[in-house]
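Asks: Please find final.txt (compact mmCIF, C-alpha atoms and all ligand atoms) on the next line:
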```txt
# COMPACT_ATOMS: atom_id res chain seq x y z
CA MET A 1162 -24.59 6.91 66.02
CA ALA A 1163 -27.61 8.68 67.46
CA ALA A 1164 -30.68 6.45 67.43
CA ASP A 1165 -32.98 9.21 66.24
CA ARG A 1166 -31.15 9.92 63.01
CA LEU A 1167 -33.11 9.59 59.81
CA ARG A 1168 -32.33 6.35 57.92
CA VAL A 1169 -31.61 7.22 54.31
CA ALA A 1170 -30.57 5.12 51.33
CA VAL A 1171 -28.87 6.07 48.08
CA PHE A 1172 -29.91 4.01 45.07
CA GLY A 1173 -27.23 4.30 42.38
CA ALA A 1174 -24.55 5.32 44.86
CA SER A 1175 -21.59 4.42 42.65
CA GLY A 1176 -22.31 7.16 40.12
CA TYR A 1177 -21.21 10.78 40.24
CA VAL A 1178 -24.46 12.08 41.70
CA GLY A 1179 -24.60 9.13 44.10
CA GLY A 1180 -21.05 9.85 45.26
CA GLU A 1181 -21.90 13.48 45.89
CA LEU A 1182 -24.97 12.43 47.86
CA LEU A 1183 -22.79 10.17 50.02
CA ARG A 1184 -20.32 13.03 50.62
CA LEU A 1185 -23.12 15.36 51.71
CA LEU A 1186 -25.06 12.82 53.76
CA LEU A 1187 -21.92 11.67 55.62
CA GLY A 1188 -21.53 15.26 56.81
CA HIS A 1189 -25.19 15.81 57.61
CA PRO A 1190 -25.88 15.89 61.36
CA GLN A 1191 -29.40 14.42 61.19
CA VAL A 1192 -29.03 11.40 58.93
CA GLU A 1193 -27.51 7.97 58.88
CA ILE A 1194 -26.74 6.35 55.53
CA ALA A 1195 -28.43 2.97 55.90
CA ALA A 1196 -27.75 1.69 52.38
CA ALA A 1197 -25.80 2.62 49.26
CA THR A 1198 -26.47 0.50 46.18
CA SER A 1199 -24.42 -0.57 43.20
CA THR A 1200 -24.86 -3.57 40.91
CA ARG A 1201 -21.20 -3.57 39.93
CA TYR A 1202 -19.55 -2.92 43.28
CA ALA A 1203 -21.85 -4.69 45.77
CA GLY A 1204 -19.84 -5.71 48.84
CA ARG A 1205 -17.00 -3.27 48.25
CA PRO A 1206 -16.29 -0.22 50.43
CA VAL A 1207 -17.71 3.01 48.98
CA GLY A 1208 -14.19 4.46 49.02
CA THR A 1209 -13.27 1.99 46.26
CA VAL A 1210 -15.28 4.07 43.82
CA HIS A 1211 -15.29 7.44 45.58
CA PRO A 1212 -11.70 7.94 46.76
CA ASN A 1213 -12.56 11.26 48.44
CA LEU A 1214 -14.62 9.29 50.99
CA ARG A 1215 -11.83 6.89 52.06
CA GLY A 1216 -11.41 6.75 55.81
CA LEU A 1217 -14.67 8.59 56.48
CA THR A 1218 -17.01 5.63 56.62
CA GLY A 1219 -17.10 1.86 56.85
CA LEU A 1220 -20.09 1.84 54.49
CA ARG A 1221 -20.13 -0.78 51.72
CA PHE A 1222 -22.21 -0.92 48.57
CA ARG A 1223 -25.04 -3.43 48.54
CA SER A 1224 -27.04 -4.76 45.62
CA PRO A 1225 -30.18 -2.79 44.76
CA GLU A 1226 -32.70 -5.57 45.43
CA GLU A 1227 -35.19 -5.40 48.30
CA MET A 1228 -34.94 -1.69 48.96
CA GLY A 1229 -37.72 -1.06 51.46
CA GLY A 1230 -38.34 0.39 54.90
CA PHE A 1231 -36.13 3.49 54.66
CA ASP A 1232 -37.19 6.93 55.82
CA VAL A 1233 -35.90 8.44 52.60
CA VAL A 1234 -34.46 6.96 49.40
CA PHE A 1235 -32.45 9.11 47.01
CA LEU A 1236 -32.73 7.69 43.50
CA ALA A 1237 -29.58 8.50 41.51
CA ALA A 1238 -29.68 5.85 38.80
CA GLU A 1239 -29.75 6.44 35.08
CA LEU A 1240 -33.09 7.08 33.41
CA GLN A 1241 -34.29 3.61 32.42
CA THR A 1242 -33.39 2.07 35.77
CA ALA A 1243 -35.13 4.92 37.57
CA ILE A 1244 -38.29 4.35 35.53
CA LYS A 1245 -38.13 0.63 36.26
CA VAL A 1246 -37.65 0.86 40.04
CA GLY A 1247 -39.51 4.11 40.82
CA ALA A 1248 -42.94 2.63 41.58
CA ASP A 1249 -41.53 -0.07 43.86
CA LEU A 1250 -39.30 2.37 45.78
CA ALA A 1251 -42.23 4.78 46.11
CA LYS A 1252 -44.43 2.04 47.58
CA ARG A 1253 -41.92 0.56 49.99
CA ASN A 1254 -40.34 3.67 51.50
CA GLU A 1255 -41.58 6.72 53.37
CA CYS A 1256 -40.18 9.26 50.97
CA LEU A 1257 -38.46 9.14 47.57
CA ILE A 1258 -36.26 11.90 46.16
CA ASP A 1259 -35.47 11.21 42.52
CA LEU A 1260 -32.52 12.90 40.83
CA SER A 1261 -33.03 11.26 37.44
CA PRO A 1262 -35.14 12.65 34.58
CA ALA A 1263 -37.69 9.83 35.01
CA TYR A 1264 -40.51 11.79 36.67
CA ARG A 1265 -39.79 15.40 35.83
CA LEU A 1266 -42.16 15.83 32.89
CA ARG A 1267 -45.89 15.58 33.44
CA ASP A 1268 -47.02 14.83 29.89
CA PRO A 1269 -46.09 11.36 28.48
CA ALA A 1270 -46.29 12.73 24.91
CA VAL A 1271 -43.74 15.44 25.71
CA PHE A 1272 -41.55 12.80 27.35
CA GLU A 1273 -41.67 10.65 24.23
CA ARG A 1274 -40.91 13.60 21.94
CA TYR A 1275 -37.81 14.62 23.91
CA TYR A 1276 -36.54 11.19 24.96
CA GLY A 1277 -37.37 9.33 21.76
CA THR A 1278 -39.07 6.49 23.62
CA ALA A 1279 -42.39 6.02 25.38
CA HIS A 1280 -42.44 6.25 29.18
CA THR A 1281 -43.09 2.79 30.59
CA ALA A 1282 -44.67 4.02 33.84
CA PRO A 1283 -46.74 7.00 32.65
CA GLU A 1284 -49.16 6.60 35.55
CA LEU A 1285 -46.44 7.98 37.84
CA LEU A 1286 -45.89 11.16 35.81
CA GLY A 1287 -47.53 14.02 37.62
CA SER A 1288 -47.39 12.36 41.03
CA PHE A 1289 -43.97 13.81 41.92
CA VAL A 1290 -43.54 17.28 43.39
CA SER A 1291 -40.86 19.29 41.59
CA GLY A 1292 -37.77 19.53 43.77
CA HIS A 1293 -37.10 23.18 42.97
CA PRO A 1294 -37.27 24.98 46.31
CA GLU A 1295 -37.12 28.45 44.76
CA ASP A 1296 -40.56 27.88 43.19
CA ASN A 1297 -42.00 25.07 45.20
CA ARG A 1298 -41.02 25.26 48.84
CA ALA A 1299 -44.53 25.00 50.28
CA ALA A 1300 -45.38 21.78 48.42
CA LEU A 1301 -42.04 20.24 49.35
CA ARG A 1302 -42.78 20.50 53.07
CA THR A 1303 -45.25 17.63 52.83
CA ALA A 1304 -44.15 15.88 49.63
CA ARG A 1305 -43.63 12.11 49.68
CA LEU A 1306 -42.37 11.89 46.11
CA VAL A 1307 -39.91 14.52 44.88
CA SER A 1308 -38.34 14.89 41.44
CA VAL A 1309 -35.34 17.21 41.26
CA PRO A 1310 -35.07 19.11 37.94
CA GLY A 1311 -32.07 18.84 35.63
CA CYS A 1312 -28.98 20.88 36.46
CA MET A 1313 -29.28 23.29 33.55
CA VAL A 1314 -33.00 23.55 34.26
CA ILE A 1315 -32.38 24.69 37.83
CA ALA A 1316 -29.94 27.36 36.65
CA THR A 1317 -32.26 28.51 33.86
CA LEU A 1318 -35.35 28.69 36.06
CA ILE A 1319 -33.45 30.76 38.62
CA ALA A 1320 -32.22 33.12 35.87
CA LEU A 1321 -35.66 33.55 34.27
CA ARG A 1322 -37.96 33.55 37.26
CA PRO A 1323 -38.23 37.34 37.82
CA PHE A 1324 -39.24 37.85 34.19
CA ALA A 1325 -41.57 34.85 33.90
CA ALA A 1326 -43.35 35.65 37.14
CA ASP A 1327 -44.08 39.24 36.06
CA ASP A 1328 -45.06 38.36 32.48
CA LEU A 1329 -42.26 40.53 31.13
CA VAL A 1330 -41.10 38.26 28.33
CA ASP A 1331 -42.04 38.93 24.74
CA GLY A 1332 -41.10 36.04 22.45
CA ASP A 1333 -38.69 33.11 22.52
CA VAL A 1334 -35.98 32.97 25.16
CA ILE A 1335 -32.68 31.61 23.85
CA VAL A 1336 -30.64 29.73 26.45
CA ASP A 1337 -27.03 28.86 25.76
CA CYS A 1338 -25.88 26.20 28.27
CA ARG A 1339 -22.32 25.14 28.99
CA ILE A 1340 -21.53 22.07 31.05
CA GLY A 1341 -18.52 20.13 32.33
CA SER A 1342 -17.80 16.46 31.74
CA SER A 1343 -19.24 15.14 35.03
CA GLY A 1344 -22.64 16.06 33.61
CA SER A 1345 -22.41 12.95 31.47
CA GLY A 1346 -22.06 10.63 34.47
CA ALA A 1347 -19.45 8.03 35.34
CA ALA A 1348 -20.80 5.67 32.69
CA ALA A 1349 -20.02 8.02 29.79
CA GLU A 1350 -16.83 6.12 28.97
CA ARG A 1351 -15.73 6.93 25.38
CA LEU A 1352 -17.45 10.29 25.41
CA ASN A 1353 -15.34 11.32 28.36
CA LEU A 1354 -12.01 9.83 27.31
CA HIS A 1355 -9.39 12.48 27.93
CA ALA A 1356 -8.44 12.40 24.26
CA GLU A 1357 -12.01 13.15 23.19
CA ARG A 1358 -12.95 15.57 25.91
CA SER A 1359 -9.86 17.61 26.62
CA GLY A 1360 -10.03 21.02 24.98
CA ALA A 1361 -13.60 20.40 23.85
CA LEU A 1362 -16.10 23.11 23.07
CA ARG A 1363 -18.61 20.59 21.79
CA VAL A 1364 -22.04 21.74 20.78
CA PHE A 1365 -23.66 18.40 21.59
CA ALA A 1366 -27.25 19.65 21.51
CA PRO A 1367 -27.71 22.56 19.08
CA HIS A 1368 -31.45 22.33 19.69
CA GLY A 1369 -34.01 20.08 21.36
CA HIS A 1370 -32.03 19.34 24.54
CA ARG A 1371 -34.17 17.40 27.00
CA HIS A 1372 -33.89 20.11 29.61
CA GLU A 1373 -35.69 22.46 27.22
CA ALA A 1374 -38.94 20.57 27.82
CA GLU A 1375 -38.55 20.91 31.58
CA VAL A 1376 -37.92 24.65 31.44
CA CYS A 1377 -40.93 25.20 29.17
CA GLN A 1378 -43.12 23.12 31.49
CA ALA A 1379 -42.00 24.88 34.67
CA SER A 1380 -41.73 28.47 33.42
CA GLY A 1381 -44.53 28.60 30.87
CA LEU A 1382 -42.09 30.41 28.54
CA ALA A 1383 -41.10 29.46 25.01
CA VAL A 1384 -37.47 28.50 25.55
CA ARG A 1385 -34.91 27.29 23.00
CA MET A 1386 -31.81 25.66 24.39
CA THR A 1387 -28.35 24.94 23.08
CA ALA A 1388 -25.94 22.85 25.12
CA THR A 1389 -22.17 22.76 24.82
CA GLY A 1390 -19.67 20.54 26.62
CA VAL A 1391 -16.72 22.59 27.85
CA GLU A 1392 -13.29 22.11 29.38
CA ALA A 1393 -14.33 21.58 32.99
CA VAL A 1394 -15.13 18.59 35.17
CA ARG A 1395 -17.85 20.22 37.24
CA GLY A 1396 -19.99 23.23 36.58
CA ALA A 1397 -22.86 24.47 34.46
CA GLN A 1398 -23.56 27.97 33.23
CA VAL A 1399 -26.57 29.25 31.31
CA VAL A 1400 -26.63 32.47 29.29
CA CYS A 1401 -30.26 33.41 28.61
CA HIS A 1402 -31.27 36.01 26.03
CA VAL A 1403 -34.59 37.42 27.16
CA PRO A 1404 -36.63 39.76 24.93
CA LEU A 1405 -38.64 42.14 27.08
CA ARG A 1406 -42.21 43.30 26.58
CA ARG A 1407 -41.31 46.80 27.76
CA PRO A 1408 -37.92 48.42 28.32
CA LEU A 1409 -36.41 47.96 31.78
CA SER A 1410 -33.47 49.75 33.33
CA GLU A 1411 -30.56 48.10 35.09
CA VAL A 1412 -31.89 49.38 38.40
CA GLU A 1413 -35.36 47.94 37.77
CA ILE A 1414 -33.98 44.55 36.82
CA ARG A 1415 -31.71 44.49 39.82
CA ARG A 1416 -34.72 45.20 41.99
CA LEU A 1417 -36.62 42.30 40.40
CA TYR A 1418 -33.78 39.93 41.22
CA ARG A 1419 -33.33 41.30 44.73
CA ASP A 1420 -37.03 40.90 45.46
CA ALA A 1421 -37.14 37.40 44.01
CA TYR A 1422 -34.17 36.05 45.96
CA ALA A 1423 -33.79 38.15 49.10
CA ASP A 1424 -34.79 35.22 51.32
CA GLU A 1425 -33.30 32.37 49.29
CA PRO A 1426 -30.48 30.64 51.20
CA PHE A 1427 -28.62 29.47 48.10
CA VAL A 1428 -29.22 32.11 45.43
CA ARG A 1429 -26.87 35.09 45.22
CA VAL A 1430 -27.41 37.98 42.85
CA ILE A 1431 -24.05 38.73 41.25
CA ALA A 1432 -23.93 41.54 38.69
CA GLN A 1433 -20.90 43.65 39.42
CA ARG A 1434 -19.43 46.53 37.50
CA ARG A 1435 -15.88 45.81 38.59
CA GLY A 1436 -13.69 42.88 39.48
CA LEU A 1437 -12.75 39.63 37.80
CA TYR A 1438 -15.96 37.74 38.51
CA ARG A 1439 -18.61 40.21 37.39
CA LEU A 1440 -21.20 37.69 36.31
CA PRO A 1441 -21.89 34.17 37.62
CA GLU A 1442 -19.30 31.55 36.87
CA PRO A 1443 -19.21 27.93 38.05
CA LYS A 1444 -15.49 27.96 38.81
CA ILE A 1445 -15.92 29.45 42.29
CA LEU A 1446 -19.07 27.45 43.06
CA ILE A 1447 -17.46 24.05 42.79
CA GLY A 1448 -18.45 21.85 45.71
CA SER A 1449 -20.97 24.39 47.04
CA ASN A 1450 -24.75 24.53 46.90
CA PHE A 1451 -24.98 28.10 45.64
CA CYS A 1452 -26.52 29.17 42.37
CA ASP A 1453 -25.25 32.61 41.40
CA VAL A 1454 -27.45 34.65 39.11
CA GLY A 1455 -26.80 37.95 37.38
CA PHE A 1456 -27.60 39.96 34.28
CA SER A 1457 -26.71 42.68 31.86
CA VAL A 1458 -29.26 44.74 29.95
CA THR A 1459 -28.83 46.31 26.52
CA PRO A 1460 -28.73 50.13 26.41
CA ASP A 1461 -32.26 50.29 24.95
CA GLY A 1462 -33.56 48.16 27.83
CA ARG A 1463 -35.22 45.72 25.44
CA ARG A 1464 -33.11 42.63 25.96
CA VAL A 1465 -31.65 41.13 29.11
CA VAL A 1466 -28.77 38.71 29.08
CA ALA A 1467 -29.38 36.70 32.26
CA VAL A 1468 -26.60 34.43 33.48
CA ALA A 1469 -26.72 31.71 36.12
CA ALA A 1470 -24.09 29.25 37.29
CA LEU A 1471 -23.90 26.28 39.63
CA ASP A 1472 -22.06 23.04 40.33
CA ASN A 1473 -24.05 20.42 38.43
CA LEU A 1474 -23.39 17.77 41.10
CA MET A 1475 -24.38 20.13 43.95
CA LYS A 1476 -27.10 22.73 43.39
CA GLY A 1477 -27.64 20.96 40.05
CA SER A 1478 -28.53 17.61 41.66
CA ALA A 1479 -27.28 16.14 44.99
CA GLY A 1480 -27.16 19.48 46.84
CA THR A 1481 -30.68 20.39 45.82
CA GLY A 1482 -31.74 16.85 46.76
CA VAL A 1483 -30.44 17.39 50.30
CA GLN A 1484 -31.98 20.87 50.38
CA CYS A 1485 -35.34 19.24 49.54
CA LEU A 1486 -34.75 16.72 52.33
CA ASN A 1487 -34.13 19.56 54.80
CA ILE A 1488 -37.34 21.29 53.72
CA ARG A 1489 -39.31 18.05 53.87
CA MET A 1490 -38.09 17.33 57.39
CA GLY A 1491 -38.61 20.87 58.64
CA TRP A 1492 -34.89 21.28 59.31
CA PRO A 1493 -32.96 24.50 58.64
CA GLU A 1494 -32.50 24.58 54.90
CA ARG A 1495 -28.74 25.17 55.10
CA LEU A 1496 -28.14 22.14 57.32
CA GLY A 1497 -25.16 20.19 55.98
CA LEU A 1498 -24.92 22.53 52.97
CA ALA A 1499 -23.74 25.89 54.27
CA PHE A 1500 -20.12 25.80 53.05
CA ALA A 1501 -18.68 28.08 50.35
CA GLY A 1502 -17.06 26.94 47.13
CA LEU A 1503 -13.29 26.92 46.65
CA HIS A 1504 -11.10 29.82 45.69
CA PRO A 1505 -8.66 29.68 44.10
CA ILE A 1506 -9.33 26.46 42.27
CA MET B 1390 -14.70 50.10 68.93
CA SER B 1391 -14.82 53.76 68.03
CA ASP B 1392 -18.24 55.30 67.81
CA VAL B 1393 -18.02 56.88 64.38
CA GLY B 1394 -21.48 57.44 62.95
CA VAL B 1395 -22.46 55.49 59.87
CA SER B 1396 -24.89 56.74 57.27
CA GLU B 1397 -26.53 54.74 54.51
CA VAL B 1398 -26.47 56.18 51.04
CA ARG B 1399 -28.02 54.81 47.85
CA CYS B 1400 -25.61 53.56 45.21
CA PRO B 1401 -26.26 55.64 42.08
CA ALA B 1402 -25.64 52.61 39.88
CA CYS B 1403 -27.74 49.89 41.49
CA GLU B 1404 -29.68 51.54 44.32
CA GLY B 1405 -28.06 49.24 46.85
CA ASP B 1406 -27.28 50.54 50.33
CA VAL B 1407 -23.74 51.83 50.80
CA GLU B 1408 -22.61 52.44 54.37
CA ILE B 1409 -20.40 55.45 54.84
CA ASP B 1410 -18.85 56.43 58.15
CA SER B 1411 -18.65 59.99 59.28
CA SER B 1412 -14.88 60.16 59.00
CA THR B 1413 -15.13 59.85 55.19
CA ARG B 1414 -13.78 62.90 53.37
CA GLN B 1415 -14.82 64.57 50.17
CA PHE B 1416 -13.53 62.91 46.96
CA GLU B 1417 -12.78 59.67 48.76
CA ILE B 1418 -13.60 56.54 46.78
CA VAL B 1419 -15.88 53.96 48.37
CA GLU B 1420 -17.14 50.70 46.94
CA CYS B 1421 -20.73 49.54 46.61
CA PRO B 1422 -20.97 46.13 48.32
CA ASP B 1423 -23.60 45.05 45.83
CA CYS B 1424 -22.53 45.98 42.29
CA ARG B 1425 -18.91 46.78 43.25
CA SER B 1426 -19.01 50.15 41.57
CA GLU B 1427 -16.34 52.57 42.69
CA LEU B 1428 -18.16 55.58 44.05
CA GLU B 1429 -16.76 59.00 44.65
CA VAL B 1430 -17.97 61.07 47.58
CA ILE B 1431 -18.85 64.32 45.86
CA GLY B 1432 -20.71 65.95 48.75
CA LEU B 1433 -20.70 65.56 52.52
CA SER B 1434 -23.90 67.24 53.64
CA PRO B 1435 -25.93 65.69 52.41
CA MET B 1436 -23.67 62.72 51.68
CA THR B 1437 -23.67 62.37 47.89
CA LEU B 1438 -22.10 59.67 45.75
CA ALA B 1439 -21.29 59.56 42.04
CA LEU B 1440 -19.84 56.85 39.85
CA ALA B 1441 -16.06 57.16 39.76
CA PRO B 1442 -14.48 57.05 36.30
CA GLU B 1443 -13.34 53.53 35.48
CA VAL B 1444 -11.04 51.73 33.11
CA ASP B 1445 -12.72 48.80 31.38
CA GLU B 1446 -11.08 45.46 30.98
CA ASP B 1447 -11.51 43.33 27.92
CA TRP B 1448 -11.03 39.59 27.80
CA GLY B 1449 -11.09 39.18 24.09
CA GLU B 1450 -11.32 41.25 20.96
N1 LIG C 1601 -24.20 14.09 36.37
C1 LIG C 1601 -24.95 15.17 36.53
O1 LIG C 1601 -24.47 16.31 36.49
C2 LIG C 1601 -26.43 15.03 36.79
C3 LIG C 1601 -27.13 16.17 37.19
C4 LIG C 1601 -28.49 16.05 37.45
C5 LIG C 1601 -29.11 14.84 37.32
N2 LIG C 1601 -28.43 13.75 36.90
C6 LIG C 1601 -29.15 12.47 36.80
O2 LIG C 1601 -28.81 11.70 37.95
C7 LIG C 1601 -28.75 10.32 37.61
C8 LIG C 1601 -27.35 9.80 37.93
O3 LIG C 1601 -26.41 10.53 37.16
P1 LIG C 1601 -24.85 10.24 37.26
O4 LIG C 1601 -24.20 11.32 36.49
O5 LIG C 1601 -24.46 10.00 38.66
O6 LIG C 1601 -24.75 8.87 36.44
P2 LIG C 1601 -23.70 7.68 36.62
O7 LIG C 1601 -22.44 8.24 37.16
O8 LIG C 1601 -23.65 6.97 35.33
O9 LIG C 1601 -24.38 6.75 37.74
C9 LIG C 1601 -25.48 5.95 37.45
C10 LIG C 1601 -25.79 5.08 38.66
O10 LIG C 1601 -26.85 4.17 38.28
C11 LIG C 1601 -26.50 2.84 38.67
N3 LIG C 1601 -27.09 1.85 37.74
C12 LIG C 1601 -26.84 1.76 36.41
N4 LIG C 1601 -27.55 0.72 35.89
C13 LIG C 1601 -28.24 0.18 36.92
C14 LIG C 1601 -29.15 -0.92 37.01
N5 LIG C 1601 -29.51 -1.64 35.94
N6 LIG C 1601 -29.69 -1.20 38.22
C15 LIG C 1601 -29.35 -0.48 39.32
N7 LIG C 1601 -28.51 0.59 39.28
C16 LIG C 1601 -27.95 0.89 38.10
C17 LIG C 1601 -25.00 2.84 38.59
O11 LIG C 1601 -24.47 1.88 39.47
P3 LIG C 1601 -23.93 0.45 39.03
O12 LIG C 1601 -23.66 0.46 37.57
O13 LIG C 1601 -22.74 0.22 39.87
O14 LIG C 1601 -25.06 -0.43 39.42
C18 LIG C 1601 -24.64 4.21 39.11
O15 LIG C 1601 -24.59 4.20 40.51
C19 LIG C 1601 -29.07 10.22 36.10
O16 LIG C 1601 -30.43 9.90 35.96
C20 LIG C 1601 -28.80 11.63 35.61
O17 LIG C 1601 -29.60 11.95 34.49
C21 LIG C 1601 -27.08 13.83 36.66
ZN ZN C 1602 -24.16 49.48 43.59
```
Could you express the structure from this file as C-alpha cells?
Ligand SMILES: NC(=O)c1ccc[n+]([C@@H]2O[C@H](COP(=O)([O-])OP(=O)(O)OC[C@H]3O[C@@H](n4cnc5c(N)ncnc54)[C@H](OP(=O)(O)O)[C@@H]3O)[C@@H](O)[C@H]2O)c1
Ligand SMILES: [Zn+2]

Replies:
Amino acid sequence: MAADRLRVAVFGASGYVGGELLRLLLGHPQVEIAAATSTRYAGRPVGTVHPNLRGLTGLRFRSPEEMGGFDVVFLAAELQTAIKVGADLAKRNECLIDLSPAYRLRDPAVFERYYGTAHTAPELLGSFVSGHPEDNRAALRTARLVSVPGCMVIATLIALRPFAADDLVDGDVIVDCRIGSSGSGAAAERLNLHAERSGALRVFAPHGHRHEAEVCQASGLAVRMTATGVEAVRGAQVVCHVPLRRPLSEVEIRRLYRDAYADEPFVRVIAQRRGLYRLPEPKILIGSNFCDVGFSVTPDGRRVVAVAALDNLMKGSAGTGVQCLNIRMGWPERLGLAFAGLHPI
Amino acid sequence: MSDVGVSEVRCPACEGDVEIDSSTRQFEIVECPDCRSELEVIGLSPMTLALAPEVDEDWGE
C-alpha cells in the first residue's frame, strides 16, 4: 500500500452507511482504511457483516475506543452515539465527516422540537460545515468538520434550489418523500422484518419528519414533508409541489435547472417527453452517486412538480461523504465515484 | 470517418441543442438528446424542426 495514502477511519462501520463507506473507500485510489469500528463485531473480518466485501480486504472491525490520529474519520453511528463521541473525534483527528443527524441543525431549540429531546452537546451545533457540495463547495475545501445532510434533504435541496435561489416560490412547498427499507438502518429489526415491510406503502411520517427542519434551514423555504416507506431496499425519491410567484414555462424552468447544474458532476437533469424513465427514479441509480432531478409544470405555469431521486446509501449519505472528502483534499470530485448505476436491476 | 457537415438546431420543446447531419432528409424523425422529444425535420434550408405527433402512455387510470 502506497505510503502517501490518506489514513481514514469509519466509526460505525458495521451499519448500512458504514458498509457503503467501506465499499467506496476500498475502491478509492488515494485512501487507506486504517480503522473500521463496531462494538458488536470487534475482532471479526468486515466481510462477516458486509458479505459483498468478502475477499477484498483483510480489514477487521475494532472497538470504537481511542479513535485518534487519523487524517479523516467518517462518523456513521446512530444519532445518540454520534452526539456522544463527536466532540472527542473532532478534537483528536484532523478532519471529521459526520453522516448522522447529530450536527446538521444549527438551532438547539429546533433540534429539540424535531427530535423530541434536548441536544447534549449544543456548543457543537453550528461548528460543522454542511456537506452539500451543490450549495457549499467553497466552504468544504477548507472544512475540518463536515455534516452531511439527510438523504431526503439532499434530494429535496437539489430539486428546489433553482426556485429558492431566484426567490420564485410563493407559499408552502409540499414534499412527498418515498424511501426504501435500508433508510432505517441495520438496527431497525422488527420494523424491517420481511413480514412487516414487504408490500408496504407506509406513511410513517405524515408531517413533521426530521428532514423537514433541515430543508427549511438550508433553503429558507417553508417546506412541509410527508415520508412513506416503499417496497425497495435502496432508493429515495422526493416529489415537490412548488407554487410559483409568477408563471414559468417549461422552457424557462428547464433553463433554470440547466444553469444550476451544468457543472455539477453528480446532478443530471432528467425531464423527458418520451421513454420509460421520463422523470427521476431511484431504480437506475442504485449503487451510484448520481442525483437525478426533473420536473413537470402545470399548463398555467403556476405550479411545478419537481422530482429528485438518489440512492440513500450513496448520494444520500456515504457517496456524498466521499465526494466531500474529495473536495476537502482537492482531488477530482469524481474520484472513486464515477461509476453508473445498474440497469436492468 | 465521413465528413458530413453537422448543424445544431434548437429543440422546439426544450431549447436544447440537437445535432443534425447534412444527409438528413425532409420529414425524417430525429430525437432531442435532452428531453427525448421526437422531432420532425419540416424544412432543410434553414433546418427546421417540429414536434412529431406522439402516442402517450399511461401507467394507471
Ligand atoms: N440508512 C440511511 O439511508 C442513512 C442515510 C443518511 C444518513 N444516515 C445516518 O447515518 C447513520 C448510520 O445509519 P445506518 O443506516 O448505517 O445505521 P445502522 O445500520 O443502524 O448502523 C449504526 C452503526 O452505529 C454503530 N453503533 C450503534 N451503537 C453504538 C455505540 N453505542 N457505540 C458505538 N457505535 C455504535 C453500529 O455498530 P455496532 O452496533 O456494531 O457497534 C453501526 O455500525 C445514522 O445516524 C443515520 O441517521 C442513514
Ligand atoms: Zn428537447

Asks: Which chains and residue numbers are within 7 Å of ligand LIG 1601 (chain C), counting all atoms listed in the file, if I want them as a PyMOL selection string?

Replies: chain A and resi 1172-1179+1198-1202+1225+1237-1240+1242+1260-1262+1311-1312+1343-1349+1473-1474+1477-1478

Asks: Compute the chain A side of the contact with chain B at 9 Å, counting all atoms listed in the file, and hand it back as a PyMOL selection string.

Replies: chain A and resi 1411-1413+1415-1416+1430-1436+1439

Asks: Using all atoms listed in the file, what residues lie at most 7 Å away from (-17.7, 59.4, 39.3) (file coordinates), given as a compact mmCIF listing (two decimals) with C-alpha atoms, keeping the file's coordinate frame?

Replies:
```txt
# COMPACT_ATOMS: atom_id res chain seq x y z
CA LEU B 1428 -18.16 55.58 44.05
CA GLU B 1429 -16.76 59.00 44.65
CA ALA B 1439 -21.29 59.56 42.04
CA LEU B 1440 -19.84 56.85 39.85
CA ALA B 1441 -16.06 57.16 39.76
CA PRO B 1442 -14.48 57.05 36.30
```

Asks: Could you give me, as an mmCIF file with C-alpha atoms, keeping the file's coordinate frame, the residues within 6 Å of Cys1338 (chain A), counting only C-alpha atoms and dropping anything in the same chain fewer than 6 positions from it?

Replies:
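The new file result34.cif reads:
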```cif
data_model
loop_
_atom_site.group_PDB
_atom_site.id
_atom_site.type_symbol
_atom_site.label_atom_id
_atom_site.label_comp_id
_atom_site.auth_asym_id
_atom_site.auth_seq_id
_atom_site.Cartn_x
_atom_site.Cartn_y
_atom_site.Cartn_z
ATOM 1 C CA THR A 1387 -28.350 24.940 23.080
ATOM 2 C CA ALA A 1388 -25.940 22.850 25.120
ATOM 3 C CA GLN A 1398 -23.560 27.970 33.230
ATOM 4 C CA VAL A 1399 -26.570 29.250 31.310
#
```

Asks: Residues at most 9 Å from Glu1373 (chain A), counting only C-alpha atoms, excluding those fewer than 5 positions away in the same chain, as a ChimeraX atom specification?

Replies: /A:1275,1314,1336,1368,1378,1384-1387

Asks: Can I get the selected residues back with C-alpha atoms, as a short mmCIF file (atom, residue, chain, number, x, y, z; two decimals), in the coordinates of the input?

Replies:
```cif
data_model
loop_
_atom_site.label_atom_id
_atom_site.label_comp_id
_atom_site.auth_asym_id
_atom_site.auth_seq_id
_atom_site.Cartn_x
_atom_site.Cartn_y
_atom_site.Cartn_z
CA TYR A 1275 -37.81 14.62 23.91
CA VAL A 1314 -33.00 23.55 34.26
CA VAL A 1336 -30.64 29.73 26.45
CA HIS A 1368 -31.45 22.33 19.69
CA GLN A 1378 -43.12 23.12 31.49
CA VAL A 1384 -37.47 28.50 25.55
CA ARG A 1385 -34.91 27.29 23.00
CA MET A 1386 -31.81 25.66 24.39
CA THR A 1387 -28.35 24.94 23.08
#
```

Asks: If you count all atoms listed in the file, which residues fall within 7 Å of Ser1291 (chain A), apart from same-chain ones fewer than 2 positions away, as a VMD selection string?

Replies: chain A and resid 1289 1293 1297 1307 to 1310

Asks: Find the residues with any atom within 8 Å of (-22.3, 58.6, 47.6); use only C-alpha atoms and the coordinates as given in the file, and write the answer as a list in words.

Replies: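 So the residues meeting the distance criterion are Val1398, Arg1399, Cys1400, Pro1401, Val1407, Val1419, Leu1428, Glu1429, Val1430, Ile1431, Gly1432, Met1436, Thr1437, Leu1438 and Ala1439 of chain B.
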
Asks: CA of Lys1476 (chain A) and CA of Phe1451 (chain A) are how many Å apart?

Replies: 6.2 Å
